[in-house]
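K.L.:
Sending over a structure as structure tokens; questions will come in a sec.
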Amino acid sequence: MLQQILTDMFISPELLAELSEEQKQVLFIKMREEQVRRWKDREARLEKEDATLKKPKKASVKSVQWLAGMDSDVWVWVMGDHPADQSYEQICDDIIAQRAARQAQREAEELRVKKEAELVKRFSSVLMDSELQSWKEEVARQEVARQEKREAEERRRAEEEVRRVEQKRKQEIYMDLREVREERDDQHWQDSLRKSKAADLRRRSIAKQTRDDHRRQSVKALERGRVAAVTKAFGGDRPVLPPKPKPRNLTVTSDTLNPKQGLQRTLSTSSREHIIRWFQEEQLPFRAGFQKDQSRIASWFHGIISRQEAEDLLSEGEPGHFLVRVSERILGYVLSYRCKDEFKHFLIDATEGCYMLLGHQIRFTSLAELVEFHKGEPITMSGGEQLLQPCGQRPSGVDYADLFT
């Protein structure tokens with residue numbers, strides 16, 4: 001099933017709904033790895049084709065010649081790498097200084113206009129009084145000269161005051177803007193650092209858990225392989241293989257996913273009657289749902305029940321209770337598990353004549369063998385889901401009667 005999903009790069013909504021959160025994450029990682037692998041293969045193929053098939057250049061077509069560096073490669077200039085380039089702090093300081101200078105100039109111009117109006121009003125009135133009171137032309141000229149000199153001195157002082165105020169305001173505005181920028185940058189840096197550390201810690205934790213689960217499953221798979229090899233070498237009894245399942249005869253419909261490419265997907269036809277027929281024809285010969293000695297149906301096995309019905313059954317038990325049910329959506333099984341504060345559902349892949357949790361590496365020849373294995377080994381290291389107590393049927397009756405009739 002997993003290989004088919006990776007081949008089609010498509011998973012039906014019915015199948016996706018049966019996956020647990022851990023299995024969804026594993027499936028996402030597997031599909032992403034497959035995408036990267038296909039991309040690398042495509043790039044390598046294109047490079048090989050480009051190397052073998054070089055198109056001749058036309059003389060009349062315009063071309064662009066890139067400047068080459070010392071390494072004979074295209075010369076690339078990254079802003080900030082050159083010693084003469086300004087740093088981020090210097091660029092920000094220049095921008096702030098320009099903004100402060102423009103604002104200070106506007107304020108100084110307003111102050112200069114105000115001072116000019118005061119001086120014009122003051123000296124024009126004095127000049128008019130002197131003209132009215134002067135009776136001699138010489139005295140009037142001397143008075144006008146003194147007033148002009150006084151006015152020039154006042155203008156000079158006013159201009160100096162305006163410049164002093166402009167410089168002061170420029171420095172104040174610059175410091176205020178820089179303080180605001182530093183506070184904003186510091187807060188942004190702290191938030192980014194905190195989020196980055198949290199994301200990095202989460203990624204490392206998930207990666208470590210995945211590596212531990214992969215290593216643990218690989219070791220268990222090798223151990224199972226060694227035990228099987230030793231048993232075969234010392235003449236152990238070979239188990240009787242069940243009859244080969246009948247080939248599936250699915251009534252499928254197609255829907256065009258991409259009309260341009262003509263790619264079609266096979267839709268799910270997992271009705272209840274179809275699931276029952278699949279179980280009776282392909283799973284019953286493997287004694288699916290029976291105990292390991294195949295003497296009777298296992299207490300943990302349930303029929304075609306929904307997720308909500310499984311959770312209702314498990315809610316009556318303690319954490320560690322579990323059951324294996326036939327999925328109502330796809331051709332497969334679901335292991336439902338009761339945790340302390342929630343319920344988890346793990347899809348069991350029943351294709352290729354074996355049973356395995358989707359995303360895991362260990363294959364089992366029967367459901368009973370899978371259950372017995374995970375009674376001693378947790379399903380995931382992070383969750384520690386260990387099968388402790390099977391969840392049986394309700395006293396009112398069994399829910400798998402239609403599977404065996």
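Labels for the structure tokens follow display order: chains A, B, ..., residues from 1 in each chain, ligands from 1.
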Near range 33-38 of chain A, counting only C-alpha atoms, which residues have an atom at most 12 Å away, once you skip same-chain residues fewer than 3 positions from it, shown as number ranges by chain?
P.N.:
A: 2-3, 5-10, 26-30, 41-45
K.L.:
Could you tell me, as a list in words, which residues of range 55-114 of chain A DSSP assigns to alpha helix (DSSP H) when given the backbone?
P.N.:
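Alpha helix (DSSP H) members of range 55-114 of chain A, listed: Tyr88, Glu89, Gln90, Ile91, Cys92, Asp93, Asp94, Ile95, Ile96, Ala97, Gln98, Arg99, Ala100, Ala101, Arg102, Gln103, Ala104, Gln105, Arg106, Glu107, Ala108, Glu109, Glu110, Leu111, Arg112, Val113 and Lys114 of chain A.
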K.L.:
Considering only C-alpha atoms, state which residue in the set A:Glu385, A:Glu179, A:Glu369, A:Glu377 is at the smallest distance from Phe343 in chain A.
P.N.:
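Looking at the shortest contact to Phe343 in chain A, the residue is A:Glu385.
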K.L.:
Rounded to one decimal in Å, what is the spacing between CA of Glu316 in chain A and CA of Arg338 in chain A?
P.N.:
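A separation of 9.8 Å between them.
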K.L.:
Return as JSON lines the residues of range 13-90 of chain A lying at most 12 Å from range 290-312 of chain A, together with the closest atom-to-atom pair for each and the distance in Å to one decimal, counting only C-alpha atoms, with rows in chain order and ascending residue number.
P.N.:
{"residue": "A:Ala17", "atom": "CA", "partner": "A:Arg307", "partner_atom": "CA", "distance": 10.0}
{"residue": "A:Glu18", "atom": "CA", "partner": "A:Arg307", "partner_atom": "CA", "distance": 8.6}
{"residue": "A:Leu19", "atom": "CA", "partner": "A:Arg307", "partner_atom": "CA", "distance": 11.2}
{"residue": "A:Ser20", "atom": "CA", "partner": "A:Arg307", "partner_atom": "CA", "distance": 11.5}
K.L.:
Could you write those residues out with all heavy atoms, as a CSV table (one decimal), in the first residue's frame?
P.N.:
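So again20.csv came out as:
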chain,number,residue,atom,x,y,z
A,17,ALA,N,-8.1,9.5,6.1
A,17,ALA,CA,-8.9,9.6,7.3
A,17,ALA,C,-8.7,8.5,8.3
A,17,ALA,O,-8.9,8.7,9.5
A,17,ALA,CB,-10.4,9.7,7.0
A,18,GLU,N,-8.2,7.4,7.9
A,18,GLU,CA,-7.9,6.2,8.8
A,18,GLU,C,-6.5,6.3,9.4
A,18,GLU,O,-6.2,5.5,10.3
A,18,GLU,CB,-8.0,4.9,8.0
A,18,GLU,CG,-9.5,4.6,7.6
A,18,GLU,CD,-10.3,4.2,8.8
A,18,GLU,OE1,-9.8,4.1,9.9
A,18,GLU,OE2,-11.5,4.1,8.7
A,19,LEU,N,-5.7,7.2,9.0
A,19,LEU,CA,-4.3,7.3,9.5
A,19,LEU,C,-4.3,8.1,10.8
A,19,LEU,O,-5.0,9.1,11.0
A,19,LEU,CB,-3.4,8.0,8.5
A,19,LEU,CG,-3.2,7.3,7.1
A,19,LEU,CD1,-2.3,8.1,6.2
A,19,LEU,CD2,-2.7,5.9,7.3
A,20,SER,N,-3.4,7.7,11.7
A,20,SER,CA,-3.1,8.4,12.9
A,20,SER,C,-2.2,9.6,12.6
A,20,SER,O,-1.7,9.7,11.5
A,20,SER,CB,-2.5,7.5,14.0
A,20,SER,OG,-1.2,7.1,13.5
K.L.:
Identify, on the basis of only C-alpha atoms, every residue whose closest approach to Arg394 in chain A does not exceed 9 Å; exclude the query and any residue fewer than 4 positions from it along the same chain; express the result as a ChimeraX atom specification.
P.N.:
/A:313,398-399
K.L.:
To one decimal place, how far is CA of Tyr333 in chain A from CA of Leu347 in chain A in Å?
P.N.:
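A separation of 6.1 Å between them.
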K.L.:
Rank A:Leu201, A:Leu323, A:Leu358, A:Leu335 by their smallest atom-to-atom distance to Gly392 in chain A, using only C-alpha atoms, and report the top residue only.
P.N.:
A:Leu323
K.L.:
Quick one: everything within 10 Å of Arg181 in chain A, counting only C-alpha atoms, minus sequence neighbours fewer than 6 positions away in the same chain. Send it as a count of residues only.
P.N.:
5
K.L.:
Find the spatial neighbours of Ser336 in chain A, counting only C-alpha atoms, within a cut-off of 6 Å - ignore same-chain residues fewer than 4 positions away - and output them as a list of chain:residue names.
P.N.:
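Here the answer would be A:Phe322, A:Leu323, A:Lys344, A:His345.
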K.L.:
Residues as selected, all heavy atoms, written as an mmCIF file, in the first residue's frame, can you do that?
P.N.:
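Saved file part_3.cif follows:
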data_model
loop_
_atom_site.group_PDB
_atom_site.id
_atom_site.type_symbol
_atom_site.label_atom_id
_atom_site.label_comp_id
_atom_site.auth_asym_id
_atom_site.auth_seq_id
_atom_site.Cartn_x
_atom_site.Cartn_y
_atom_site.Cartn_z
ATOM 1 N N PHE A 322 -7.052 -1.941 23.827
ATOM 2 C CA PHE A 322 -6.913 -1.834 22.373
ATOM 3 C C PHE A 322 -7.883 -2.795 21.708
ATOM 4 O O PHE A 322 -8.429 -3.718 22.336
ATOM 5 C CB PHE A 322 -5.484 -2.154 21.939
ATOM 6 C CG PHE A 322 -5.126 -3.613 22.091
ATOM 7 C CD1 PHE A 322 -5.228 -4.488 21.009
ATOM 8 C CD2 PHE A 322 -4.715 -4.122 23.314
ATOM 9 C CE1 PHE A 322 -4.914 -5.826 21.142
ATOM 10 C CE2 PHE A 322 -4.412 -5.471 23.464
ATOM 11 C CZ PHE A 322 -4.504 -6.322 22.374
ATOM 12 N N LEU A 323 -8.074 -2.584 20.432
ATOM 13 C CA LEU A 323 -8.842 -3.495 19.598
ATOM 14 C C LEU A 323 -8.370 -3.340 18.154
ATOM 15 O O LEU A 323 -7.810 -2.308 17.781
ATOM 16 C CB LEU A 323 -10.352 -3.236 19.718
ATOM 17 C CG LEU A 323 -10.892 -1.851 19.321
ATOM 18 C CD1 LEU A 323 -11.225 -1.787 17.824
ATOM 19 C CD2 LEU A 323 -12.144 -1.526 20.131
ATOM 20 N N LYS A 344 -6.035 6.804 19.847
ATOM 21 C CA LYS A 344 -5.211 6.787 18.654
ATOM 22 C C LYS A 344 -5.628 5.633 17.765
ATOM 23 O O LYS A 344 -6.027 4.569 18.249
ATOM 24 C CB LYS A 344 -3.721 6.664 19.004
ATOM 25 C CG LYS A 344 -3.147 7.896 19.694
ATOM 26 C CD LYS A 344 -1.649 7.770 19.885
ATOM 27 C CE LYS A 344 -1.072 9.034 20.514
ATOM 28 N NZ LYS A 344 0.403 8.935 20.681
ATOM 29 N N HIS A 345 -5.516 5.863 16.450
ATOM 30 C CA HIS A 345 -5.908 4.857 15.461
ATOM 31 C C HIS A 345 -4.763 4.692 14.469
ATOM 32 O O HIS A 345 -4.342 5.664 13.833
ATOM 33 C CB HIS A 345 -7.192 5.283 14.751
ATOM 34 C CG HIS A 345 -8.331 5.577 15.680
ATOM 35 N ND1 HIS A 345 -9.221 4.618 16.109
ATOM 36 C CD2 HIS A 345 -8.711 6.738 16.290
ATOM 37 C CE1 HIS A 345 -10.114 5.166 16.913
ATOM 38 N NE2 HIS A 345 -9.829 6.452 17.047
#
K.L.:
Could you please determine the separation between CA of Cys391 in chain A and CA of Pro285 in chain A in Å, to one decimal place?
P.N.:
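One can read the CA of Cys391 in chain A to CA of Pro285 in chain A distance as 24.3 Å.
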K.L.:
If you count only C-alpha atoms, which residues fall within 7 Å of Leu388 in chain A, apart from same-chain ones fewer than 2 positions away, as a ChimeraX atom specification?
P.N.:
/A:320-321,375,386,390
K.L.:
Restricting it to C-alpha atoms, dump the selection as a JSON list (two decimals), in the first residue's frame.
P.N.:
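As written to disk, part-v1.json reads:
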[["chain", "number", "residue", "atom", "x", "y", "z"],
["A", 320, "GLY", "CA", -3.64, 0.48, 27.32],
["A", 321, "HIS", "CA", -6.87, -1.14, 26.09],
["A", 375, "LYS", "CA", 2.36, -6.25, 23.61],
["A", 386, "GLN", "CA", 1.92, -0.71, 24.44],
["A", 390, "PRO", "CA", -7.77, -6.35, 24.65]]
K.L.:
May I have the residues within 8 Å of range 154-161 of chain A as a PyMOL selection string, using only C-alpha atoms and disregarding those fewer than 2 positions away in the same chain?
P.N.:
chain A and resi 112+115-116+119+150-152+163-165
K.L.:
Nearest residue to Gln283 in chain A out of A:Ala108, A:Ile362, A:Ala51, A:Leu403, using only C-alpha atoms?
P.N.:
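So, comparing all the options, the nearest one is A:Leu403.
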